[in-house]
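The structure under discussion appears below in the form of structure tokens.
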Amino acid sequence: MAGKTLYDKLWESHVVREESDGTCLLYIDRHLMHEVTSPQAFEGLRLAQRKAWRKDSIVANPDHNTPTNNWNGGIKDPISRLQVETLDANIKDFGALVYFPFKHANQGIIHVIGPENGTTLPGMTVVCGDSHTATHGAFGALAHGIGTSEVEHVLATQTLVQKKSKTMLIRVDGKVGAGVTAKDIALDIIGKIGTAGGTGYCIEFGGAAIRALSMEGRMTLCNMAIEGGARAGLIAPDEKTFAYLKGRQYAPKGTNWDKAVAYWKTLVSDKGAKFDTVIEMDAAKIEPQVTWGTSPEQVLSVGAKVPNPAKEKDAVKRGSIERALAYMGLTADTPIDQIKVDKVFIGSCTNSRIEDLRAAAAVAKGRQKAANVKLVLVVPGSGQVKRQAEAEGLDKIFTAAGFEWREPGCSMCLAMNADRLAPGERCASTSNRNFEGRQGAGGRTHLVSPEMAAAAAIAGHFTDIRKF
Amino acid sequence: MKPFISLNGLVCPLDRANVDTDAIIPKQFLKSIKRSGFGPYLFDEWRYKDVGEPGMDCTNRPLKKDFVLNQKSFKGAQILLTRDNFGCGSSREHAPWAIEDYGFRVIIAPSFADIFFSNCYKNGILPIVASAKIVDQLFRECAAQKGYKLRVDLETQTVRNPAGEWFSFDITPHRKHCLLNGLDEIGLTLQHADEIKAFEKQHKAAQPWLFN
């Protein structure tokens with residue numbers, strides 16, 4: 001008999017029932033929530049006079065609308081404030097295992113706080129009304145984003161109606177070169193498979209280069225699985241995973257810890273397990289990446305030139321390139337390392353953890369942001385990350401370089417709060433999406449690693465971190 | 001949820017691939033705590049010259065005249081025809097809410113992003129996957145014929161053009177049943193509450209650390 005993939009194991013251990021057409025009811029262990037995609041779900045429960053099935057599965061906090069400076073001034077935008085207060089009221093009424101309201105010492109981006117307090121564990125199913133739930137796949141948890149109707153469904157039934165995905169293995173063999181990060185691996189993969197390459201699949205990442213990543217690097221990679229079209233990314237748990245989790249507040253303790261680890265060790269794809277698609281990559285060939293267009297698949301190595309649409313034969317693709325260049329204010333064949341930036345954003349659920357901040361600080365140390373760079377925002381992923389960074393003096397390095405050190409939140413990844421680009425402004429960003437208007441109407445986003453973002457802030461334009 | 005049975009609807013062609021949910025409904029409108037009222041802001045940045053804000057009255061906003069939704073001949077369209085990977089990016093269900101509130105009930109594309117695709121079914125929208133060849137043909141016919149309509153029938157899973165040519169599409173029996181009858185999925189699932197409880201019991205026994 002063929003072996004099972006990690007995805008098969010996670011799936012099968014959560015099926016409550018299966019219909020003849022393969023539609024399953026899948027049990028959900030962890031329900032993460034934020035203020036943007038939950039209010040209508042709670043309203044639905046109220047209207048139907050339903051309760052939350054298992055309130056101890058819920059971990060919640062506001063993150064999208066919260067400001068990153070002047071917390072004492074509260075949330076100025078009344079519509080944002082109402083949304084955050086609505087989450088407060090809903091959690092008060094329906095209950096939760098963990099809730100960090102605005103300004104709580106541990107508040108942060110939901111995908112950062114789940115792992116750091118041990119509420120994300122291997123073998124779990126994890127959902128959230130947020131596509132970047134894929135992040136938690138770094139622990140060997142089956143984690144994916146859902147819509148608000150599904151948020152309501154999970155609240156009411158602790159299950160989701162799902163069909164099994166196809167499986168894809170992306171194996172990155174070898175070792176990445178200096179200056180090449182998990183973010184570059186993610187962008188390189190998306191550049192190869194396209195933003196729809198993973199549609200219908202759950203992607204497992206494997207190979208020596210993935211094993212070599214820290215837990216935080218693995219979170220960055222799985223976070224971006226959705227940008228490749230896959231609802232979920234997975235990495236099999238290993239000793240690094242267990243070491244990361246041990247002692248965290250909600251991680252198992254005592255004999256439960258030993259039992260859990262014994263179980264978690266079985267969460268690997270068996271030898272001979274069959275994947276629907278296998279992609280093999282050589283880590284040594286991956287270079288620091290910069291997106292040039294308005295889709296994460298429009299990405300190139302920092303040493304490359306902006307593409308020329310005249311060379312594209314496919315009419316739909318050519319149209320996309322032309323539209324992207326017009327929106328981005330770029331000329332074909334411009335060397336990427338000559339593109340100047342107006343703002344830099346270091347943060348988001350992709351790259352706001354302590355290792356990201358350390359990497360950015362190492363680049364910024366003893367240097368100054370370029371005169372043409374108007375603003376460099378450094379936004380830690382959570383209160384815990386912020387305290388740790390300050391204990392290590394990273395905040396001082398950033399402020400000495402002319403960067404701004406802010407309070408935690410989603411911030412300028414999607415610009416729902418006051419942090420945003422003005423029309424036409426160009427940003428080097430460690431976030432996950434370079435869509436039109438994502439960081440502010442008319443704003444131009446280039447996705448990069450934290451090291452590359454910090455280097456762009458210092459140089460005033462994109463520059464190869466390996467030569468910096 | 002409104003049931004979907006069939007419709008003979010005007011087709012609006014949106015000739016772009018990778019249309020993301022940020023474009024379908026920009027972030028500032030996500031601050032609403034309601035499910036309704038997103039239609040006027042559908043494709044806001046492509047549709048209007050100014051920057052939209054939640055609650056804004058859109059009747060006198062300056063329009064980007066060449067955007068397809070602003071063209072008179074596509075007024076009242078119920079079928080959106082588009083390209084690959086429609087609805088990619090953010091999981092925001094505000095995207096199908098805006099599409100439905102605007103008046104679209106059917107979207108035809110060669111492929112859809114996963115989360116958006118399942119969100120459609122929860123809101124009485126039928127997303128139809130057609131081959132790139134068929135989609136090309138529909139775009140051509142739509143450009144050639146003013147007032148181009150398609151007849152979509154869920155029971156027989158077919159789409160028919162004015163010339164009477166037709167193609168069929170796939171849908172799972174579960175989704176078809178829910179759409180045809182406008183069913184509340186939660187109510188259906190709760191019919192299996194005892195099975196969920198039984199599963200939960202054995203799951204807790206096997207992995208007690210998952211329960212706090």
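Residue names in the structure tokens use chain letters A, B, ... in the order shown, residue numbers from 1 in each chain, and ligand numbers from 1 in the order shown.
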Contact residues (chain A, partner chain B, 6 Å, only C-alpha atoms) as a list of chain:residue names: A:Pro39, A:Gln40, A:Ser80, A:Asp130, A:Ser131, A:Gly147, A:Thr148, A:His153, A:Ala196, A:Pro252, A:Met416
Residues just named, written with N, CA, C and O atoms as an mmCIF file, in the first residue's frame:
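Full text of again-v3.cif as output:
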data_model
loop_
_atom_site.group_PDB
_atom_site.id
_atom_site.type_symbol
_atom_site.label_atom_id
_atom_site.label_comp_id
_atom_site.auth_asym_id
_atom_site.auth_seq_id
_atom_site.Cartn_x
_atom_site.Cartn_y
_atom_site.Cartn_z
ATOM 1 N N PRO A 39 -17.410 40.242 12.458
ATOM 2 C CA PRO A 39 -18.650 40.831 12.991
ATOM 3 C C PRO A 39 -19.918 40.251 12.371
ATOM 4 O O PRO A 39 -20.884 39.974 13.086
ATOM 5 N N GLN A 40 -19.894 40.022 11.046
ATOM 6 C CA GLN A 40 -21.098 39.514 10.380
ATOM 7 C C GLN A 40 -21.375 38.067 10.787
ATOM 8 O O GLN A 40 -22.521 37.616 10.767
ATOM 9 N N SER A 80 -13.387 52.441 12.172
ATOM 10 C CA SER A 80 -12.422 51.452 12.644
ATOM 11 C C SER A 80 -12.650 51.147 14.129
ATOM 12 O O SER A 80 -12.604 50.000 14.562
ATOM 13 N N ASP A 130 -9.036 34.792 7.318
ATOM 14 C CA ASP A 130 -7.864 35.541 6.866
ATOM 15 C C ASP A 130 -6.999 34.594 6.050
ATOM 16 O O ASP A 130 -6.629 33.526 6.531
ATOM 17 N N SER A 131 -6.682 34.992 4.839
ATOM 18 C CA SER A 131 -5.988 34.068 3.940
ATOM 19 C C SER A 131 -4.582 33.700 4.436
ATOM 20 O O SER A 131 -4.056 32.659 4.065
ATOM 21 N N GLY A 147 -13.829 32.248 4.542
ATOM 22 C CA GLY A 147 -14.667 33.441 4.454
ATOM 23 C C GLY A 147 -15.513 33.610 5.707
ATOM 24 O O GLY A 147 -15.519 32.737 6.585
ATOM 25 N N THR A 148 -16.238 34.702 5.767
ATOM 26 C CA THR A 148 -17.015 35.007 6.971
ATOM 27 C C THR A 148 -18.163 34.027 7.195
ATOM 28 O O THR A 148 -18.476 33.684 8.335
ATOM 29 N N HIS A 153 -19.923 29.308 10.389
ATOM 30 C CA HIS A 153 -20.142 27.860 10.397
ATOM 31 C C HIS A 153 -19.261 27.172 11.444
ATOM 32 O O HIS A 153 -19.717 26.289 12.181
ATOM 33 N N ALA A 196 -1.547 31.251 -9.435
ATOM 34 C CA ALA A 196 -2.601 30.236 -9.462
ATOM 35 C C ALA A 196 -2.006 28.829 -9.484
ATOM 36 O O ALA A 196 -2.728 27.847 -9.540
ATOM 37 N N PRO A 252 1.359 21.691 25.391
ATOM 38 C CA PRO A 252 1.131 20.653 26.396
ATOM 39 C C PRO A 252 2.271 20.580 27.415
ATOM 40 O O PRO A 252 3.406 20.932 27.105
ATOM 41 N N MET A 416 -5.265 49.487 6.422
ATOM 42 C CA MET A 416 -6.619 49.776 6.928
ATOM 43 C C MET A 416 -6.567 50.836 8.011
ATOM 44 O O MET A 416 -7.563 51.447 8.343
#
Selection: 10 Å around Asp93 of chain A, only C-alpha atoms, excl. self and same-chain fewer than 4 positions, as a PyMOL selection string: chain A and resi 42+51-52+87-89
Give me a file of those residues, with N, CA, C and O atoms, as a PDB file, in the first residue's frame.
ATOM      1  N   PHE A  42     -20.727  36.764  13.871  1.00  0.00           N
ATOM      2  CA  PHE A  42     -21.371  36.810  15.191  1.00  0.00           C
ATOM      3  C   PHE A  42     -22.817  37.288  15.071  1.00  0.00           C
ATOM      4  O   PHE A  42     -23.711  36.793  15.762  1.00  0.00           O
ATOM      5  N   LYS A  51     -25.166  29.485  19.799  1.00  0.00           N
ATOM      6  CA  LYS A  51     -24.006  29.752  20.651  1.00  0.00           C
ATOM      7  C   LYS A  51     -22.739  29.320  19.930  1.00  0.00           C
ATOM      8  O   LYS A  51     -22.788  28.619  18.936  1.00  0.00           O
ATOM      9  N   ALA A  52     -21.589  29.709  20.497  1.00  0.00           N
ATOM     10  CA  ALA A  52     -20.325  29.185  19.976  1.00  0.00           C
ATOM     11  C   ALA A  52     -20.202  27.736  20.448  1.00  0.00           C
ATOM     12  O   ALA A  52     -20.414  27.448  21.623  1.00  0.00           O
ATOM     13  N   LEU A  87     -15.651  43.650  18.121  1.00  0.00           N
ATOM     14  CA  LEU A  87     -14.968  42.398  18.473  1.00  0.00           C
ATOM     15  C   LEU A  87     -14.911  42.240  19.998  1.00  0.00           C
ATOM     16  O   LEU A  87     -15.173  41.153  20.530  1.00  0.00           O
ATOM     17  N   ASP A  88     -14.583  43.330  20.699  1.00  0.00           N
ATOM     18  CA  ASP A  88     -14.589  43.283  22.174  1.00  0.00           C
ATOM     19  C   ASP A  88     -15.921  42.732  22.679  1.00  0.00           C
ATOM     20  O   ASP A  88     -15.968  41.826  23.513  1.00  0.00           O
ATOM     21  N   ALA A  89     -17.009  43.321  22.161  1.00  0.00           N
ATOM     22  CA  ALA A  89     -18.348  42.961  22.635  1.00  0.00           C
ATOM     23  C   ALA A  89     -18.686  41.516  22.261  1.00  0.00           C
ATOM     24  O   ALA A  89     -19.254  40.778  23.077  1.00  0.00           O
TER      25      ALA A  89
END
Non-local contacts of Gly37 of chain B (9 Å; only C-alpha atoms; under 5 positions in same chain excluded) as an NGL selection string: :B and (55 or 97-98 or 101-102)
Using only C-alpha atoms, which residues sit within 8 Å of segment 212-215 of chain A once same-chain residues fewer than 4 positions away are excluded, as a short mmCIF file (atom, residue, chain, number, x, y, z; two decimals) with all heavy atoms, in the first residue's frame?
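In the end it all went to out-v8.cif:
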data_model
loop_
_atom_site.label_atom_id
_atom_site.label_comp_id
_atom_site.auth_asym_id
_atom_site.auth_seq_id
_atom_site.Cartn_x
_atom_site.Cartn_y
_atom_site.Cartn_z
N ALA A 138 3.47 25.93 9.10
CA ALA A 138 4.88 25.77 9.46
C ALA A 138 5.07 24.78 10.61
O ALA A 138 6.15 24.24 10.79
CB ALA A 138 5.47 27.12 9.84
N PHE A 139 4.00 24.56 11.38
CA PHE A 139 4.07 23.65 12.54
C PHE A 139 3.57 22.26 12.20
O PHE A 139 3.44 21.41 13.09
CB PHE A 139 3.26 24.23 13.70
CG PHE A 139 3.89 25.47 14.28
CD1 PHE A 139 3.71 26.69 13.68
CD2 PHE A 139 4.70 25.38 15.39
CE1 PHE A 139 4.32 27.83 14.18
CE2 PHE A 139 5.32 26.50 15.92
CZ PHE A 139 5.13 27.73 15.31
N ALA A 182 14.00 33.01 3.71
CA ALA A 182 12.75 32.28 3.47
C ALA A 182 11.84 33.09 2.53
O ALA A 182 11.13 32.52 1.70
CB ALA A 182 12.03 32.03 4.79
N ALA A 208 16.29 19.82 2.02
CA ALA A 208 17.29 20.27 2.98
C ALA A 208 17.19 21.77 3.28
O ALA A 208 17.35 22.21 4.43
CB ALA A 208 18.70 19.95 2.45
N MET A 219 7.51 29.90 8.95
CA MET A 219 6.24 30.63 8.99
C MET A 219 6.16 31.61 7.81
O MET A 219 5.12 31.76 7.18
CB MET A 219 6.09 31.38 10.32
CG MET A 219 5.70 30.47 11.47
SD MET A 219 5.32 31.41 12.97
CE MET A 219 6.71 30.98 13.99
N LYS A 240 13.18 21.04 15.69
CA LYS A 240 13.10 22.52 15.78
C LYS A 240 11.72 22.97 16.22
O LYS A 240 11.57 23.90 16.99
CB LYS A 240 13.40 23.13 14.39
CG LYS A 240 14.86 23.36 14.13
CD LYS A 240 15.01 24.12 12.81
CE LYS A 240 16.45 23.97 12.35
NZ LYS A 240 16.67 24.45 11.00
N THR A 241 10.72 22.28 15.68
CA THR A 241 9.34 22.62 16.02
C THR A 241 9.09 22.38 17.50
O THR A 241 8.51 23.21 18.21
CB THR A 241 8.36 21.73 15.20
OG1 THR A 241 8.86 21.60 13.88
CG2 THR A 241 6.97 22.29 15.19
N TYR A 244 10.85 24.85 19.68
CA TYR A 244 10.18 26.16 19.64
C TYR A 244 8.96 26.18 20.57
O TYR A 244 8.70 27.16 21.27
CB TYR A 244 9.74 26.46 18.20
CG TYR A 244 8.98 27.77 18.04
CD1 TYR A 244 9.64 28.94 17.66
CD2 TYR A 244 7.60 27.84 18.29
CE1 TYR A 244 8.94 30.14 17.52
CE2 TYR A 244 6.91 29.04 18.16
CZ TYR A 244 7.58 30.18 17.77
OH TYR A 244 6.89 31.37 17.65
#
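All residues of protein, DNA or RNA that reach within 12 Å of Lys317 of chain A, judged by only C-alpha atoms and not counting those fewer than 2 positions away in the chain, are Gly194, Ser295, Glu297, Gln298, Pro307, Asn308, Pro309, Ala310, Lys311, Glu312, Lys313, Asp314, Ala315, Gly319, Ser320, Ile321, Glu322, Arg323 and Ala324 of chain A; Asp15, Arg16, Ala17, Asn18, Arg83 and Asp84 of chain B.
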Residue list (strand (DSSP E or B), DSSP) for segment 64-193 of chain B, as a PyMOL selection string: chain B and resi 79-82+86+88+106-109+112+126-129+149-153+158-160+166-168
Near-segment 401-406 of chain A list (12 Å; only C-alpha atoms; drop same-chain fewer than 5 positions) as a ChimeraX atom specification: /A:66-71,108,343-347,352,357,360-371,373-383,385-387,389-390,393-396,411-412,419,453-455,457-459
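Of the listed residues A:Cys410, A:Val316, A:Leu267, A:Ile79, the one whose atoms come nearest to Leu121 of chain A is A:Leu267, with distances taken using only C-alpha atoms.
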Expected answer as a VMD selection string: helix (DSSP H, G or I) residues in segment 122-368 of chain A: chain A and resid 131 to 139 148 to 157 182 to 193 208 to 211 215 to 228 239 to 245 254 to 264 283 to 285 309 to 311 315 to 328 336 to 338 354 to 364
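Atom to atom, atom CA of Glu19 of chain A and atom CA of Leu160 of chain A stand 13.3 Å apart.
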Contact residues around Pro13 of chain B with only C-alpha atoms at 9 Å, ignoring same-chain residues under 5 positions, as an NGL selection string: :B and (68-69 or 74 or 79-82 or 138-139 or 142-143)
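Using only C-alpha atoms for every distance, the candidate list A:Asp238, A:Asp282, A:Asp8, A:Asp77 yields A:Asp282 as the residue closest to Ile185 of chain A.
You can rank B:Lys64, B:Lys72, B:Lys149, B:Lys204 by their closest distance to Asn161 of chain B using only C-alpha atoms, and at the top of that list sits B:Lys149.
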Pick from A:Val59, A:Ala186, A:Val16, A:Ala225 nearest to Gly200 of chain A, counting only C-alpha atoms: A:Ala225
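Comparing B:Ile25, B:Leu183, B:Val129, B:Ile134 by their smallest distance to Gln157 of chain B, the closest is B:Val129 (using only C-alpha atoms).
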Nearest-residue call for Ser149 of chain A, choices A:Gly44, A:Gly207, A:Gly177, A:Gly114, using only C-alpha atoms: A:Gly44
